[in-house]
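K.L.:
What follows is work29.cif, mmCIF, C-alpha atoms (C1' of nucleotides).
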data_upload
#
loop_
_atom_site.label_atom_id
_atom_site.label_comp_id
_atom_site.auth_asym_id
_atom_site.auth_seq_id
_atom_site.Cartn_x
_atom_site.Cartn_y
_atom_site.Cartn_z
CA MET L 1 -68.14 -24.35 -13.45
CA THR L 2 -66.02 -26.52 -15.69
CA ASN L 3 -64.43 -28.33 -12.84
CA GLU L 4 -62.08 -30.40 -14.92
CA THR L 5 -59.22 -30.49 -12.60
CA ALA L 6 -56.51 -32.03 -10.57
CA LEU L 7 -55.40 -35.44 -11.62
CA GLY L 8 -57.09 -35.44 -14.95
CA ILE L 9 -57.05 -37.45 -18.09
CA LEU L 10 -53.58 -38.11 -19.33
CA PRO L 11 -52.69 -37.81 -22.98
CA ARG L 12 -51.41 -41.15 -24.20
CA PRO L 13 -47.97 -40.12 -25.44
CA VAL L 14 -46.94 -39.04 -21.99
CA TYR L 15 -46.85 -42.46 -20.34
CA PRO L 16 -43.49 -43.67 -19.16
CA ALA L 17 -42.67 -47.10 -20.47
CA GLY L 18 -43.47 -50.15 -18.41
CA MET L 19 -46.70 -50.58 -16.51
CA PRO L 20 -45.86 -52.78 -13.57
CA GLY L 21 -48.49 -55.17 -12.36
CA ALA L 22 -50.34 -55.46 -15.62
CA ALA L 23 -51.73 -58.89 -16.30
CA PRO L 24 -50.58 -60.41 -19.60
CA SER L 25 -54.18 -60.65 -20.72
CA ASP L 26 -54.62 -56.87 -20.63
CA THR L 27 -54.93 -55.31 -24.04
CA LEU L 28 -52.76 -52.36 -24.89
CA ASP L 29 -55.76 -50.11 -24.58
CA ASP L 30 -56.46 -51.43 -21.11
CA LEU L 31 -52.92 -50.63 -20.11
CA LEU L 32 -53.14 -47.14 -21.42
CA ASP L 33 -56.60 -46.45 -20.09
CA ALA L 34 -56.19 -47.87 -16.63
CA PRO L 35 -54.22 -44.97 -15.10
CA ARG L 36 -56.42 -42.41 -16.76
CA LEU L 37 -59.49 -43.98 -15.24
CA TRP L 38 -57.90 -44.02 -11.82
CA PHE L 39 -56.75 -40.46 -12.20
CA ARG L 40 -60.33 -39.55 -12.89
CA VAL L 41 -61.59 -41.49 -9.89
CA PHE L 42 -59.16 -39.72 -7.58
CA ASN L 43 -59.91 -36.45 -9.27
CA GLU L 44 -63.66 -36.71 -8.71
CA ILE L 45 -63.10 -37.84 -5.16
CA GLY L 46 -60.90 -34.82 -4.56
CA ILE L 47 -63.46 -32.39 -5.89
CA ILE L 48 -66.34 -34.03 -4.03
CA ASN L 49 -64.34 -33.75 -0.85
CA GLN L 50 -63.43 -30.13 -1.49
CA LEU L 51 -67.00 -29.15 -2.23
CA SER L 52 -68.53 -31.07 0.65
CA VAL L 53 -66.10 -29.74 3.22
CA ALA L 54 -66.64 -26.20 1.95
CA GLN L 55 -70.39 -26.70 2.14
CA LEU L 56 -70.15 -28.00 5.69
CA GLU L 57 -67.98 -25.09 6.80
CA ARG L 58 -70.44 -22.67 5.27
CA ILE L 59 -73.11 -24.17 7.51
CA LEU L 60 -71.03 -24.29 10.68
CA ALA L 61 -70.72 -21.37 13.05
CA PRO L 62 -67.98 -19.17 11.61
CA HIS L 63 -65.27 -20.10 14.07
CA LEU L 64 -65.90 -23.83 13.65
CA LYS L 65 -64.01 -25.66 10.96
CA PHE L 66 -64.31 -29.15 9.58
CA ALA L 67 -61.59 -30.34 11.96
CA ASP L 68 -63.60 -29.17 14.96
CA PHE L 69 -66.80 -30.75 13.71
CA ARG L 70 -64.98 -34.02 13.20
CA VAL L 71 -63.86 -34.03 16.81
CA LEU L 72 -67.35 -33.25 18.09
CA ASN L 73 -68.83 -35.91 15.86
CA HIS L 74 -66.31 -38.44 17.07
CA PHE L 75 -67.34 -37.89 20.67
CA ILE L 76 -71.03 -38.05 19.83
CA ARG L 77 -70.60 -41.27 17.91
CA LEU L 78 -68.12 -43.12 20.03
CA GLY L 79 -68.26 -41.38 23.36
CA GLY L 80 -65.43 -40.05 25.47
CA PRO L 81 -63.08 -39.49 26.99
CA ARG L 82 -60.22 -39.86 24.53
CA THR L 83 -56.57 -38.95 24.61
CA PRO L 84 -55.26 -36.40 22.13
CA VAL L 85 -53.00 -38.93 20.50
CA ASP L 86 -55.90 -41.30 20.01
CA LEU L 87 -57.88 -38.54 18.31
CA ALA L 88 -54.88 -37.64 16.15
CA ARG L 89 -54.58 -41.22 14.98
CA SER L 90 -58.29 -41.49 14.28
CA PHE L 91 -58.18 -38.47 12.00
CA GLN L 92 -54.72 -39.14 10.61
CA VAL L 93 -53.36 -35.76 11.60
CA THR L 94 -50.15 -35.05 13.48
CA LYS L 95 -50.07 -34.65 17.23
CA GLY L 96 -49.17 -30.99 16.73
CA THR L 97 -52.25 -30.40 14.66
CA MET L 98 -54.40 -32.08 17.27
CA THR L 99 -52.84 -29.96 20.02
CA HIS L 100 -53.81 -26.90 18.03
CA THR L 101 -57.36 -28.05 17.37
CA LEU L 102 -57.96 -29.11 20.96
CA GLN L 103 -56.52 -25.90 22.41
CA LYS L 104 -58.91 -23.91 20.30
CA MET L 105 -61.85 -26.12 21.17
CA GLU L 106 -61.04 -25.91 24.84
CA ARG L 107 -60.94 -22.13 24.59
CA LEU L 108 -64.41 -22.32 23.07
CA GLU L 109 -65.43 -24.70 25.88
CA LEU L 110 -66.59 -27.31 23.40
CA ILE L 111 -64.39 -29.87 25.11
CA ALA L 112 -62.98 -30.32 28.59
CA VAL L 113 -59.50 -31.58 29.36
CA SER L 114 -58.49 -33.43 32.50
CA PRO L 115 -55.33 -35.19 33.62
CA HIS L 116 -54.97 -38.84 32.79
CA GLY L 117 -54.79 -40.64 36.12
CA GLY L 118 -51.93 -43.07 36.06
CA ASP L 119 -50.03 -41.60 33.12
CA GLY L 120 -48.42 -38.27 33.74
CA ARG L 121 -47.67 -37.74 30.06
CA SER L 122 -51.22 -37.95 28.92
CA LYS L 123 -54.54 -36.13 29.09
CA LEU L 124 -58.17 -37.02 28.74
CA VAL L 125 -60.44 -35.01 26.52
CA ASP L 126 -64.21 -35.14 26.53
CA ILE L 127 -67.04 -33.24 24.94
CA THR L 128 -68.97 -30.70 27.02
CA ASP L 129 -72.65 -29.86 26.95
CA ALA L 130 -71.81 -26.81 24.88
CA GLY L 131 -70.01 -29.12 22.48
CA ARG L 132 -73.03 -31.38 22.25
CA THR L 133 -75.21 -28.37 21.54
CA ALA L 134 -72.87 -27.10 18.85
CA HIS L 135 -72.86 -30.51 17.22
CA ALA L 136 -76.64 -30.78 17.27
CA GLU L 137 -76.95 -27.31 15.78
CA ALA L 138 -74.53 -28.21 13.02
CA LEU L 139 -76.62 -31.25 12.21
CA VAL L 140 -79.79 -29.21 12.06
CA GLY L 141 -78.17 -27.07 9.41
CA LEU L 142 -76.44 -29.90 7.65
CA LEU L 143 -79.14 -32.50 7.13
CA PRO L 144 -81.49 -30.31 5.07
CA GLU L 145 -78.55 -29.32 2.90
CA MET L 146 -77.67 -32.94 2.36
CA GLU L 147 -81.27 -33.67 1.46
CA ARG L 148 -81.22 -30.82 -1.00
CA VAL L 149 -78.20 -32.20 -2.79
CA ILE L 150 -79.44 -35.77 -2.80
CA ASP L 151 -82.89 -34.82 -4.00
CA GLY L 152 -81.25 -33.40 -7.09
CA LEU L 153 -79.69 -36.74 -7.92
CA ASP L 154 -81.01 -39.50 -10.14
CA PRO L 155 -82.03 -42.44 -7.93
CA VAL L 156 -79.75 -44.67 -9.97
CA VAL L 157 -76.83 -42.45 -9.04
CA VAL L 158 -77.81 -42.61 -5.40
CA GLN L 159 -78.03 -46.38 -5.49
CA THR L 160 -74.73 -46.69 -7.32
CA LEU L 161 -72.93 -44.58 -4.74
CA LYS L 162 -74.44 -46.50 -1.85
CA ASP L 163 -73.44 -49.76 -3.49
CA ALA L 164 -69.93 -48.43 -4.04
CA LEU L 165 -69.42 -47.72 -0.34
CA PRO L 166 -67.80 -51.07 0.47
CA ALA L 167 -65.47 -50.63 -2.49
CA MET L 168 -64.51 -47.20 -1.19
CA VAL L 169 -63.74 -48.74 2.16
CA ALA L 170 -61.55 -51.31 0.44
CA LEU L 171 -59.74 -48.62 -1.51
CA ARG L 172 -59.19 -46.59 1.61
CA GLN L 173 -57.76 -49.61 3.38
CA ALA L 174 -55.48 -50.39 0.44
CA LEU L 175 -54.20 -46.81 0.44
CA ASP L 176 -53.70 -46.98 4.15
CA LYS L 177 -51.71 -50.19 3.86
CA ALA L 178 -49.62 -48.79 1.01
CA ARG L 179 -48.66 -45.97 3.32
CA ASP L 180 -45.72 -47.90 4.78
CA MET Y 181 -54.86 -47.55 11.59
CA THR Y 182 -58.45 -47.53 12.71
CA ASN Y 183 -59.39 -44.71 10.42
CA GLU Y 184 -62.93 -44.38 11.62
CA THR Y 185 -63.24 -40.69 11.28
CA ALA Y 186 -64.81 -37.53 10.19
CA LEU Y 187 -68.45 -37.62 9.32
CA GLY Y 188 -69.16 -40.98 10.77
CA ILE Y 189 -72.13 -43.04 11.64
CA LEU Y 190 -74.71 -41.14 13.56
CA PRO Y 191 -76.42 -42.62 16.56
CA ARG Y 192 -80.14 -42.62 15.98
CA PRO Y 193 -81.30 -40.61 18.98
CA VAL Y 194 -79.40 -37.57 17.80
CA TYR Y 195 -81.45 -36.82 14.70
CA PRO Y 196 -83.31 -33.56 14.68
CA ALA Y 197 -86.97 -34.03 13.85
CA GLY Y 198 -88.18 -33.65 10.30
CA MET Y 199 -86.28 -35.02 7.35
CA PRO Y 200 -87.09 -32.68 4.46
CA GLY Y 201 -87.37 -34.17 1.03
CA ALA Y 202 -88.27 -37.65 2.15
CA ALA Y 203 -90.71 -39.44 -0.11
CA PRO Y 204 -93.82 -40.67 1.67
CA SER Y 205 -93.01 -44.21 0.62
CA ASP Y 206 -89.77 -44.23 2.63
CA THR Y 207 -89.90 -46.46 5.63
CA LEU Y 208 -88.89 -45.07 8.97
CA ASP Y 209 -85.69 -47.06 8.79
CA ASP Y 210 -84.85 -45.57 5.42
CA LEU Y 211 -85.31 -42.11 6.84
CA LEU Y 212 -83.03 -42.81 9.73
CA ASP Y 213 -80.42 -44.67 7.75
CA ALA Y 214 -80.16 -42.37 4.77
CA PRO Y 215 -78.06 -39.63 6.39
CA ARG Y 216 -75.82 -42.15 8.09
CA LEU Y 217 -75.08 -43.80 4.78
CA TRP Y 218 -74.27 -40.47 3.19
CA PHE Y 219 -72.11 -39.49 6.09
CA ARG Y 220 -70.16 -42.67 5.53
CA VAL Y 221 -69.84 -42.01 1.82
CA PHE Y 222 -68.47 -38.52 2.43
CA ASN Y 223 -66.30 -39.86 5.20
CA GLU Y 224 -64.68 -42.49 3.03
CA ILE Y 225 -64.24 -40.00 0.23
CA GLY Y 226 -62.54 -37.62 2.62
CA ILE Y 227 -60.10 -40.23 3.86
CA ILE Y 228 -59.35 -41.54 0.38
CA ASN Y 229 -58.58 -37.99 -0.69
CA GLN Y 230 -56.40 -37.32 2.31
CA LEU Y 231 -54.41 -40.52 1.85
CA SER Y 232 -54.00 -40.17 -1.89
CA VAL Y 233 -52.87 -36.55 -1.73
CA ALA Y 234 -50.41 -37.42 1.03
CA GLN Y 235 -49.11 -40.31 -1.03
CA LEU Y 236 -48.66 -38.09 -4.06
CA GLU Y 237 -46.82 -35.44 -2.08
CA ARG Y 238 -44.51 -38.08 -0.66
CA ILE Y 239 -43.57 -38.97 -4.22
CA LEU Y 240 -43.17 -35.41 -5.49
CA ALA Y 241 -39.97 -33.45 -5.12
CA PRO Y 242 -40.05 -31.94 -1.64
CA HIS Y 243 -40.88 -28.40 -2.69
CA LEU Y 244 -43.71 -29.52 -4.96
CA LYS Y 245 -47.15 -29.81 -3.49
CA PHE Y 246 -50.37 -31.24 -4.81
CA ALA Y 247 -51.43 -27.77 -5.94
CA ASP Y 248 -48.33 -27.43 -8.10
CA PHE Y 249 -48.74 -30.87 -9.61
CA ARG Y 250 -52.33 -30.06 -10.49
CA VAL Y 251 -51.22 -27.00 -12.41
CA LEU Y 252 -48.53 -28.91 -14.29
CA ASN Y 253 -50.97 -31.68 -15.08
CA HIS Y 254 -53.51 -29.20 -16.33
CA PHE Y 255 -51.05 -27.79 -18.83
CA ILE Y 256 -49.94 -31.24 -19.97
CA ARG Y 257 -53.51 -32.37 -20.47
CA LEU Y 258 -55.09 -29.29 -21.94
CA GLY Y 259 -52.19 -27.23 -23.15
CA GLY Y 260 -51.47 -23.60 -22.52
CA PRO Y 261 -51.37 -20.78 -22.17
CA ARG Y 262 -53.97 -20.04 -19.52
CA THR Y 263 -54.82 -17.01 -17.45
CA PRO Y 264 -54.46 -17.24 -13.67
CA VAL Y 265 -58.15 -16.67 -13.16
CA ASP Y 266 -58.97 -19.50 -15.53
CA LEU Y 267 -56.70 -21.81 -13.55
CA ALA Y 268 -58.23 -20.66 -10.28
CA ARG Y 269 -61.70 -21.49 -11.57
CA SER Y 270 -60.60 -24.87 -12.86
CA PHE Y 271 -59.30 -25.86 -9.46
CA GLN Y 272 -61.94 -24.03 -7.44
CA VAL Y 273 -59.43 -22.04 -5.45
CA THR Y 274 -59.44 -18.30 -4.88
CA LYS Y 275 -57.52 -15.92 -7.08
CA GLY Y 276 -55.27 -15.14 -4.14
CA THR Y 277 -54.35 -18.77 -3.73
CA MET Y 278 -53.58 -19.05 -7.42
CA THR Y 279 -51.39 -15.95 -7.27
CA HIS Y 280 -49.44 -17.60 -4.50
CA THR Y 281 -49.08 -20.93 -6.31
CA LEU Y 282 -48.07 -19.34 -9.59
CA GLN Y 283 -45.54 -17.00 -7.99
CA LYS Y 284 -43.87 -19.98 -6.39
CA MET Y 285 -43.95 -22.00 -9.61
CA GLU Y 286 -42.52 -19.11 -11.56
CA ARG Y 287 -39.69 -18.82 -9.04
CA LEU Y 288 -39.01 -22.50 -9.65
CA GLU Y 289 -39.20 -21.84 -13.39
CA LEU Y 290 -41.84 -24.52 -13.84
CA ILE Y 291 -44.07 -22.00 -15.58
CA ALA Y 292 -43.49 -18.82 -17.58
CA VAL Y 293 -45.65 -15.73 -17.35
CA SER Y 294 -46.16 -13.22 -20.13
CA PRO Y 295 -48.41 -10.22 -20.59
CA HIS Y 296 -51.81 -10.81 -22.12
CA GLY Y 297 -51.82 -8.87 -25.35
CA GLY Y 298 -54.98 -6.84 -25.57
CA ASP Y 299 -55.95 -6.98 -21.91
CA GLY Y 300 -53.74 -5.00 -19.60
CA ARG Y 301 -55.30 -6.56 -16.51
CA SER Y 302 -54.42 -10.09 -17.39
CA LYS Y 303 -51.48 -12.44 -17.82
CA LEU Y 304 -50.77 -15.59 -19.68
CA VAL Y 305 -49.18 -18.55 -17.96
CA ASP Y 306 -47.65 -21.53 -19.68
CA ILE Y 307 -45.62 -24.55 -18.69
CA THR Y 308 -41.87 -24.55 -19.34
CA ASP Y 309 -39.65 -27.43 -20.37
CA ALA Y 310 -38.52 -27.71 -16.77
CA GLY Y 311 -42.19 -27.96 -15.82
CA ARG Y 312 -42.75 -30.71 -18.35
CA THR Y 313 -39.76 -32.57 -16.99
CA ALA Y 314 -40.97 -32.22 -13.41
CA HIS Y 315 -44.38 -33.52 -14.42
CA ALA Y 316 -42.95 -36.51 -16.24
CA GLU Y 317 -40.74 -37.33 -13.26
CA ALA Y 318 -43.71 -37.15 -10.95
CA LEU Y 319 -45.59 -39.59 -13.16
CA VAL Y 320 -42.68 -42.01 -13.21
CA GLY Y 321 -42.86 -42.10 -9.44
CA LEU Y 322 -46.62 -42.06 -9.25
CA LEU Y 323 -47.74 -44.74 -11.67
CA PRO Y 324 -45.94 -47.66 -10.01
CA GLU Y 325 -47.36 -46.54 -6.68
CA MET Y 326 -50.84 -46.51 -8.15
CA GLU Y 327 -50.28 -49.96 -9.56
CA ARG Y 328 -49.12 -51.17 -6.20
CA VAL Y 329 -52.29 -49.97 -4.52
CA ILE Y 330 -54.58 -51.27 -7.23
CA ASP Y 331 -52.90 -54.65 -7.39
CA GLY Y 332 -53.83 -55.12 -3.75
CA LEU Y 333 -57.51 -54.68 -4.54
CA ASP Y 334 -60.09 -57.32 -5.30
CA PRO Y 335 -61.01 -57.06 -9.01
CA VAL Y 336 -64.66 -56.70 -8.02
CA VAL Y 337 -63.74 -53.62 -6.01
CA VAL Y 338 -61.84 -52.21 -8.95
CA GLN Y 339 -64.76 -52.77 -11.27
CA THR Y 340 -67.22 -51.30 -8.80
CA LEU Y 341 -65.18 -48.13 -8.46
CA LYS Y 342 -64.79 -47.73 -12.19
CA ASP Y 343 -68.50 -48.25 -12.64
CA ALA Y 344 -69.20 -45.68 -9.94
CA LEU Y 345 -67.24 -42.97 -11.73
CA PRO Y 346 -70.23 -41.51 -13.60
CA ALA Y 347 -72.17 -41.44 -10.34
CA MET Y 348 -69.31 -39.56 -8.69
CA VAL Y 349 -69.39 -37.06 -11.51
CA ALA Y 350 -73.10 -36.61 -10.97
CA LEU Y 351 -72.61 -36.12 -7.24
CA ARG Y 352 -69.86 -33.61 -7.87
CA GLN Y 353 -72.10 -31.68 -10.22
CA ALA Y 354 -74.97 -31.74 -7.74
CA LEU Y 355 -72.70 -30.41 -5.01
CA ASP Y 356 -71.41 -27.77 -7.34
CA LYS Y 357 -74.92 -26.67 -8.20
CA ALA Y 358 -75.95 -26.62 -4.55
CA ARG Y 359 -73.09 -24.19 -3.96
CA ASP Y 360 -75.26 -21.17 -4.80
"C1'" DC G 361 -65.84 11.34 -23.27
"C1'" DT G 362 -66.95 10.10 -18.68
"C1'" DT G 363 -68.96 7.66 -15.14
"C1'" DG G 364 -70.19 3.29 -13.03
"C1'" DA G 365 -69.97 -1.51 -12.95
"C1'" DC G 366 -67.31 -5.37 -13.76
"C1'" DT G 367 -63.03 -8.16 -14.06
"C1'" DA G 368 -57.86 -9.57 -13.25
"C1'" DG G 369 -54.56 -9.82 -10.22
"C1'" DT G 370 -52.21 -8.72 -5.70
"C1'" DT G 371 -51.84 -8.06 -0.86
"C1'" DT G 372 -52.93 -8.81 3.90
"C1'" DG G 373 -54.25 -11.10 8.15
"C1'" DA G 374 -56.03 -15.23 10.02
"C1'" DT G 375 -55.89 -20.07 10.48
"C1'" DA G 376 -54.86 -25.16 9.51
"C1'" DT G 377 -51.57 -28.23 8.70
"C1'" DC G 378 -47.09 -30.38 8.56
"C1'" DG G 379 -42.48 -32.00 10.02
"C1'" DA G 380 -39.02 -31.62 13.23
"C1'" DA G 381 -37.14 -30.40 17.52
"C1'" DC G 382 -38.04 -30.38 22.26
"C1'" DT G 383 -39.73 -31.71 27.24
"C1'" DA G 384 -41.48 -34.82 30.31
"C1'" DT G 385 -43.00 -39.21 31.69
"C1'" DA G 386 -43.08 -44.37 31.22
"C1'" DA G 387 -41.43 -48.84 30.37
"C1'" DT G 388 -37.82 -52.14 29.69
"C1'" DG G 389 -33.60 -54.70 30.05
"C1'" DG G 390 -29.44 -55.30 32.24
"C1'" DC N 391 -31.30 -48.94 40.20
"C1'" DC N 392 -29.94 -47.02 35.98
"C1'" DA N 393 -29.58 -46.31 31.03
"C1'" DT N 394 -31.94 -46.71 26.98
"C1'" DT N 395 -35.83 -46.51 24.33
"C1'" DA N 396 -40.51 -45.32 23.55
"C1'" DT N 397 -44.58 -42.43 24.05
"C1'" DA N 398 -47.57 -38.01 24.99
"C1'" DG N 399 -47.83 -33.62 24.32
"C1'" DT N 400 -46.10 -28.86 22.99
"C1'" DT N 401 -43.68 -25.56 20.32
"C1'" DC N 402 -41.72 -23.64 16.18
"C1'" DG N 403 -41.03 -22.34 11.41
"C1'" DA N 404 -42.78 -22.96 6.91
"C1'" DT N 405 -46.44 -23.10 3.77
"C1'" DA N 406 -51.30 -23.42 1.73
"C1'" DT N 407 -55.52 -21.63 1.85
"C1'" DC N 408 -59.28 -18.34 2.48
"C1'" DA N 409 -61.90 -13.98 2.73
"C1'" DA N 410 -61.71 -9.33 2.22
"C1'" DA N 411 -59.68 -5.13 0.90
"C1'" DC N 412 -57.20 -3.05 -2.59
"C1'" DT N 413 -55.24 -1.54 -7.44
"C1'" DA N 414 -55.65 -1.27 -12.08
"C1'" DG N 415 -57.63 -2.05 -16.51
"C1'" DT N 416 -62.04 -2.77 -19.45
"C1'" DC N 417 -66.48 -2.02 -21.06
"C1'" DA N 418 -70.99 -0.22 -21.62
"C1'" DA N 419 -74.57 3.45 -21.20
"C1'" DG N 420 -75.58 7.91 -21.47
#
Can you turn what I pasted into structure tokens?

P.N.:
Amino acid sequence: MTNETALGILPRPVYPAGMPGAAPSDTLDDLLDAPRLWFRVFNEIGIINQLSVAQLERILAPHLKFADFRVLNHFIRLGGPRTPVDLARSFQVTKGTMTHTLQKMERLELIAVSPHGGDGRSKLVDITDAGRTAHAEALVGLLPEMERVIDGLDPVVVQTLKDALPAMVALRQALDKARD
Amino acid sequence: MTNETALGILPRPVYPAGMPGAAPSDTLDDLLDAPRLWFRVFNEIGIINQLSVAQLERILAPHLKFADFRVLNHFIRLGGPRTPVDLARSFQVTKGTMTHTLQKMERLELIAVSPHGGDGRSKLVDITDAGRTAHAEALVGLLPEMERVIDGLDPVVVQTLKDALPAMVALRQALDKARD
DNA sequence: CTTGACTAGTTTGATATCGAACTATAATGG
DNA sequence: CCATTATAGTTCGATATCAAACTAGTCAAG
């Protein structure tokens, strides 16, 4: 399980000239190391995401995917009903993707769709009791697995990650803003 | 761009009873808050990944995807040649997926495939000059974008994320081990 | 040797996602 | 009122990914 992957460490000679945004006080080494460090951050984040989504989908009922769980979780957390386009924006997927997900979930009766009174273009989606049950069952499988992973971690690591959460939020917001 | 998503904050009443692995010294609040915190960590990681991959693919030539860039980057960093199965393991994708990626990249002449002397089952893949060029061009587009994002971040955030890198590695390894 | 187990790679069918085109409804500005 | 513009949702074609079945080569034990 080597796992060295994705956006990895760059060999120095490969850098294009000119590192915009570098403060004059940066040493040459800082300039050269900065992108490599960030590549590694994004790389680890990518792998953690890949592994955690895969783990979740292994726990879910076989026809349920991460996308479906996200929708269920959204309703449990924030309540319904919601319009499809609102859900699509929340998850940063296209409207077409959300149509697909919701059609499947409606077929499975995990959600119910009703017309949006007052706007003939729109719809209202809400979770059903079956959806609530499916979500609760997923949690019952998920939480022990999460415990199992976390119990294997050094407490310092756990604390570091918890402390890094606000920084992750800031990074996410910066990426989101850069998305113009 | 609300972005509240995925594995979000859980409402307390929804927890199934029994939180395995909890130390007796944990307070009740710790027990209830722990999974919510972890959900948020995985949630932020998921969004950061989604946004950063999307950003990268916006920069890449239109037929190049993240998967292709990863392969190019792997060769630049670690050199070639490599077997397909080795690449598949490095990126934690299935052999079938790697077959697909490599066939496309060979069509684009970004990689070259040759027989593996001594093992009739296997192949050897290596990057071509065109592949090296494509990688370098991707970097030229990517690095300024990375700078742009990072320049918008509070230095404390930057430092926190860099400091959290070893913890992310540890989490990734724990997830990988839990993948039995 | 030959058989059985393992490994490398491909193929296939299903599904998730995207971007773009399309339909239908709403809102706005003359 | 009408024309234009914007928004909600669907559909379509392309592609990435997975799991599972399959082919072919290797290796080890008898």

K.L.:
At a cut-off of 12 Å, can you tabulate as a tab-separated table every residue of chain L near chain N together with its closest atom pair and the distance in Å to one decimal, using only C-alpha atoms (C1' of nucleotides) and ordering rows by chain then number?

P.N.:
residue	atom	partner	partner_atom	distance
L:Ala54	CA	N:DC408	C1'	10.8
L:Glu57	CA	N:DC408	C1'	11.8
L:Pro62	CA	N:DA409	C1'	11.9
L:Thr83	CA	N:DA398	C1'	9.1
L:Pro84	CA	N:DG399	C1'	8.2
L:Val85	CA	N:DA398	C1'	7.1
L:Asp86	CA	N:DA398	C1'	10.2
L:Ala88	CA	N:DA398	C1'	11.5
L:Thr94	CA	N:DG399	C1'	11.2
L:Lys95	CA	N:DG399	C1'	7.5
L:Gly96	CA	N:DT400	C1'	7.3
L:Thr97	CA	N:DT400	C1'	10.5
L:Met98	CA	N:DG399	C1'	9.8
L:Thr99	CA	N:DT400	C1'	7.4
L:His100	CA	N:DT400	C1'	9.4
L:Leu102	CA	N:DG399	C1'	11.6
L:Gln103	CA	N:DT400	C1'	10.8
L:Pro115	CA	N:DA398	C1'	11.9
L:His116	CA	N:DA398	C1'	10.8
L:Asp119	CA	N:DA398	C1'	9.2
L:Gly120	CA	N:DA398	C1'	8.8
L:Arg121	CA	N:DA398	C1'	5.1
L:Ser122	CA	N:DA398	C1'	5.4
L:Lys123	CA	N:DA398	C1'	8.3
L:Leu124	CA	N:DA398	C1'	11.3

K.L.:
Suppose you want the space between CA of Arg77 (chain L) and CA of Gln230 (chain Y); what is it in Å?

P.N.:
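Rounded to one decimal, the two atoms are 21.5 Å apart.
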
K.L.:
Identify all chain G residues at most 9 Å from chain Y by counting only C-alpha atoms (C1' of nucleotides); ligands do not count. Present them as a VMD selection string.

P.N.:
chain G and resid 367 to 371

K.L.:
Taking every listed atom of region 117-136 of chain L and adding 6 Å to each side, what centre and edge lengths in Å (one decimal) does the axis-aligned box have, as lines of an AutoDock Vina configuration file?

P.N.:
center_x = -62.2
center_y = -34.9
center_z = 26.7
size_x = 41.0
size_y = 28.3
size_z = 30.9

K.L.:
Any idea what the distance is between CA of Gln339 (chain Y) and CA of Asn253 (chain Y)?

P.N.:
25.5 Å

K.L.:
Take the PyMOL selection byres ((chain L and resi 132) around 10), apply it to the structure above, and return the hits as an NGL selection string.

P.N.:
(:L and (72-73 or 75-76 or 110-111 or 127-131 or 133-138)) or (:Y and (194))

K.L.:
Could you check how far CA of Ile330 (chain Y) sits from CA of Leu175 (chain L), in Å to one decimal?

P.N.:
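Between these atoms lies a distance of 8.9 Å.
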
K.L.:
Quick one: apply the PyMOL selection byres ((chain Y and resi 357) around 12) to the file and drop the selected residues here as a PyMOL selection string.

P.N.:
(chain L and resi 1-3+51-52+55+145+148-150+152-153) or (chain Y and resi 350-356+358-360)

K.L.:
Keeping only C-alpha atoms, write those residues as a PDB file, keeping the file's coordinate frame.

P.N.:
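Below is the file out_8.pdb, written as the result:
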ATOM      1  CA  MET L   1     -68.140 -24.350 -13.450  1.00  0.00           C
ATOM      2  CA  THR L   2     -66.020 -26.520 -15.690  1.00  0.00           C
ATOM      3  CA  ASN L   3     -64.430 -28.330 -12.840  1.00  0.00           C
ATOM      4  CA  LEU L  51     -67.000 -29.150  -2.230  1.00  0.00           C
ATOM      5  CA  SER L  52     -68.530 -31.070   0.650  1.00  0.00           C
ATOM      6  CA  GLN L  55     -70.390 -26.700   2.140  1.00  0.00           C
ATOM      7  CA  GLU L 145     -78.550 -29.320   2.900  1.00  0.00           C
ATOM      8  CA  ARG L 148     -81.220 -30.820  -1.000  1.00  0.00           C
ATOM      9  CA  VAL L 149     -78.200 -32.200  -2.790  1.00  0.00           C
ATOM     10  CA  ILE L 150     -79.440 -35.770  -2.800  1.00  0.00           C
ATOM     11  CA  GLY L 152     -81.250 -33.400  -7.090  1.00  0.00           C
ATOM     12  CA  LEU L 153     -79.690 -36.740  -7.920  1.00  0.00           C
TER      13      LEU L 153
ATOM     14  CA  ALA Y 350     -73.100 -36.610 -10.970  1.00  0.00           C
ATOM     15  CA  LEU Y 351     -72.610 -36.120  -7.240  1.00  0.00           C
ATOM     16  CA  ARG Y 352     -69.860 -33.610  -7.870  1.00  0.00           C
ATOM     17  CA  GLN Y 353     -72.100 -31.680 -10.220  1.00  0.00           C
ATOM     18  CA  ALA Y 354     -74.970 -31.740  -7.740  1.00  0.00           C
ATOM     19  CA  LEU Y 355     -72.700 -30.410  -5.010  1.00  0.00           C
ATOM     20  CA  ASP Y 356     -71.410 -27.770  -7.340  1.00  0.00           C
ATOM     21  CA  ALA Y 358     -75.950 -26.620  -4.550  1.00  0.00           C
ATOM     22  CA  ARG Y 359     -73.090 -24.190  -3.960  1.00  0.00           C
ATOM     23  CA  ASP Y 360     -75.260 -21.170  -4.800  1.00  0.00           C
TER      24      ASP Y 360
END

K.L.:
Go through L:Leu108, L:Leu64, L:Pro155, L:Phe42 and flag the residue nearest chain Y, using only C-alpha atoms for the distances.

P.N.:
L:Phe42

K.L.:
Which residue is closest to chain Y? Choose from L:Gly141, L:Lys65, L:Leu165, L:Val113 and count all atoms listed in the file.

P.N.:
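So, comparing all the options, the nearest one is L:Leu165.
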